[in-house]
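> Here it is, the structure, as structure tokens.
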Amino acid sequence: MKKILPLLVIISCLALFFCKDVLAYQTQETGKTQVSAIIGSFYINIYGYIARFASISLIYNDNVLASTVSDANGYFSFLNLVVGKGFNKLCFDAVDVKRLGESQSCFDIQPVMVSRDIRDLYLPPTIGVYRTQINAGSNAIIFGYSMSGARVTIHINNGKTYTVIADNTGYYEIHVLLAKAGIYQFFADAVYQSKKSQEPLNKATILVLGVQEQVRNSLNDLLKKLIGLLTTWWFIFLLLIIAIFILILILWKKFNEKTTGFPNPAKEDKQFFDRFFRNKKLHHAWFVGY
């Protein structure tokens, strides 16, 4: 036993020595968010800005490596991240303070060979739309957040661009008239203090409906509402009350006819018609009488 114990200690030390630089991933499920950490040899600090009080996640291999919230001026940082040798890609997913829009970006960096800082990262503005489906000839409303005073440019897949200056809270909004039916995609970039934002990955999409699609959708909506009305319990209860009331009237009428000899109006009308029109073959006979 005394000979085996020193041997086990030597083997453990050798294993730790040869495996210290190995890149491994430790994951832990917390509800719907997957949190992970990278075990490696180097530390990096990341500094950047996007918009005030934005929620920012650093993504690595589809896992959330770290999360933070930007300060009142829009700046954020990830400190003392442990990464492996050759780490060379940063991906961010951010949501603005009002959760109106999202910002996604992913870009390469110089491979990490030593511990270092990565600074001055300007993430793309968040972008969202008021409605994802509008009628042709209506205005599309595109909005989001960036740095206060940033010059935000909205790009549309039809080749047009629109520029607006974010207000003192970083909020921007653009109204775009879409006259033709089709599918339109929008993405946003910005310039802040001569620094251009990273290229965005995410796009906002709006479906613009033509006249035929509008009519079809209107009929479908009307049909859904009608079906919904006919299947509600109170409508069925109302129909049942009306049916019972009509049945009571019919039975009451039949009862009066059998017990009191109540005349039949339909029969009297037929007798009057036959008597009035009998032998009235010429038009002047209508004015002579019987």
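So you can find residues: chains in the structure tokens are A, B, ... in the order shown, residues in each start at 1, and ligands are numbered from 1 in order.
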Could you pull out all residues of stretch 155-210 of chain A with a DSSP call of strand (DSSP E) and give them as a PyMOL selection string?

chain A and resi 155-156+161-165+171-178+182-192+195-196+204-209

> Write out as a Markdown table the residues of stretch 169-224 of chain A that have any atom within 12 Å of an atom of stretch 114-125 of chain A, one row each with the nearest atom pair and its distance in Å to one decimal, counting only C-alpha atoms, sorted by chain and then rising number.


| residue | atom | partner | partner_atom | distance |
| --- | --- | --- | --- | --- |
| A:Gly170 | CA | A:Pro125 | CA | 9.2 |
| A:Tyr171 | CA | A:Pro125 | CA | 9.5 |
| A:Tyr172 | CA | A:Pro125 | CA | 9.4 |
| A:Glu173 | CA | A:Pro125 | CA | 11.7 |
| A:Phe187 | CA | A:Pro125 | CA | 9.0 |
| A:Ala188 | CA | A:Pro125 | CA | 6.2 |
| A:Asp189 | CA | A:Pro124 | CA | 5.3 |
| A:Ala190 | CA | A:Pro124 | CA | 6.6 |
| A:Val191 | CA | A:Tyr122 | CA | 8.9 |
| A:Tyr192 | CA | A:Tyr122 | CA | 8.3 |
| A:Gln193 | CA | A:Tyr122 | CA | 10.6 |
| A:Ser194 | CA | A:Tyr122 | CA | 11.0 |
| A:Lys195 | CA | A:Tyr122 | CA | 7.4 |
| A:Lys196 | CA | A:Tyr122 | CA | 7.1 |
| A:Ser197 | CA | A:Tyr122 | CA | 4.8 |
| A:Gln198 | CA | A:Leu123 | CA | 5.4 |
| A:Glu199 | CA | A:Pro124 | CA | 6.6 |
| A:Pro200 | CA | A:Pro124 | CA | 5.7 |
| A:Leu201 | CA | A:Pro124 | CA | 9.0 |
| A:Asn202 | CA | A:Pro124 | CA | 9.7 |
| A:Lys203 | CA | A:Pro125 | CA | 11.3 |

> Hey, what's within 8 Å of A:Ile109 if we count only C-alpha atoms and toss same-chain stuff fewer than 3 positions away? As a compact mmCIF listing (two decimals) with N, CA and C atoms, in the first residue's frame, please?


# COMPACT_ATOMS: atom_id res chain seq x y z
N ASN A 88 -11.09 32.87 -31.24
CA ASN A 88 -11.02 33.89 -32.30
C ASN A 88 -12.36 34.40 -32.80
N LYS A 89 -13.44 34.17 -32.07
CA LYS A 89 -14.74 34.61 -32.56
C LYS A 89 -15.61 35.10 -31.42
N LEU A 90 -16.27 36.24 -31.65
CA LEU A 90 -17.19 36.80 -30.67
C LEU A 90 -18.57 36.93 -31.30

> Find the residues around A:Asn157 up to 10 Å (only C-alpha atoms counted), leave out those fewer than 5 positions away in its own chain, and share them as an MDAnalysis selection string.

chainID A and resid 183:187 205

> What does the file look like for those residues with N, CA and C atoms, as an mmCIF file, in the first residue's frame?


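As a result, part_29.cif now contains:
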data_model
loop_
_atom_site.group_PDB
_atom_site.id
_atom_site.type_symbol
_atom_site.label_atom_id
_atom_site.label_comp_id
_atom_site.auth_asym_id
_atom_site.auth_seq_id
_atom_site.Cartn_x
_atom_site.Cartn_y
_atom_site.Cartn_z
ATOM 1 N N ILE A 183 -42.515 40.857 -49.719
ATOM 2 C CA ILE A 183 -41.847 40.629 -48.438
ATOM 3 C C ILE A 183 -40.656 41.573 -48.349
ATOM 4 N N TYR A 184 -40.625 42.378 -47.293
ATOM 5 C CA TYR A 184 -39.563 43.360 -47.103
ATOM 6 C C TYR A 184 -38.760 43.001 -45.850
ATOM 7 N N GLN A 185 -37.440 43.106 -45.981
ATOM 8 C CA GLN A 185 -36.551 42.847 -44.858
ATOM 9 C C GLN A 185 -35.742 44.100 -44.543
ATOM 10 N N PHE A 186 -35.532 44.329 -43.264
ATOM 11 C CA PHE A 186 -34.843 45.528 -42.798
ATOM 12 C C PHE A 186 -33.711 45.124 -41.852
ATOM 13 N N PHE A 187 -32.591 45.819 -41.955
ATOM 14 C CA PHE A 187 -31.549 45.690 -40.939
ATOM 15 C C PHE A 187 -30.950 47.069 -40.696
ATOM 16 N N THR A 205 -38.637 41.500 -40.613
ATOM 17 C CA THR A 205 -39.380 41.170 -41.837
ATOM 18 C C THR A 205 -40.815 41.663 -41.735
#

> Pick the closest to A:Gly182 from A:Ala166, A:Ala204, A:Leu209, A:Leu58: which is it, counting only C-alpha atoms?

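For A:Gly182, the nearest of the given residues is A:Leu209.
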
> To one decimal in Å, tell me the separation between atom CA of A:Val82 and atom CA of A:Asn61.

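Taking atom CA of A:Val82 as the start and atom CA of A:Asn61 as the end point, the length is 15.1 Å.
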
> Quick one: DSSP alpha helix (DSSP H) residues in stretch 20-259 of chain A, as a PyMOL selection string?

chain A and resi 211-230+233-259

> Measure the distance from atom CA of A:Trp252 to atom CA of A:Leu238 in Å and round it to one decimal.

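Taking atom CA of A:Trp252 and atom CA of A:Leu238, their separation equals 21.1 Å.
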
> Could you tell me how far atom CA of A:Gly144 sits from atom CA of A:Phe78, in Å to one decimal place?

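Computing the Euclidean distance for atom CA of A:Phe78 and atom CA of A:Gly144 yields 23.5 Å.
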
> Find the residues near A:Cys91: any atom within 9 Å, counting only C-alpha atoms, skip ones fewer than 3 places away on the same chain, and give them as a ChimeraX atom specification.

/A:57-60,104-108

> Applying 8 Å and only C-alpha atoms, which residues near A:Ile142 remain after dropping the ones on its own chain fewer than 2 positions away? List them as a list in words.

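Final neighbour list, sorted by chain and number: Ile127, Gly128, Val129, Tyr130, Ala140, Gly144, Glu173, Ile174, His175 and Val176 of chain A.
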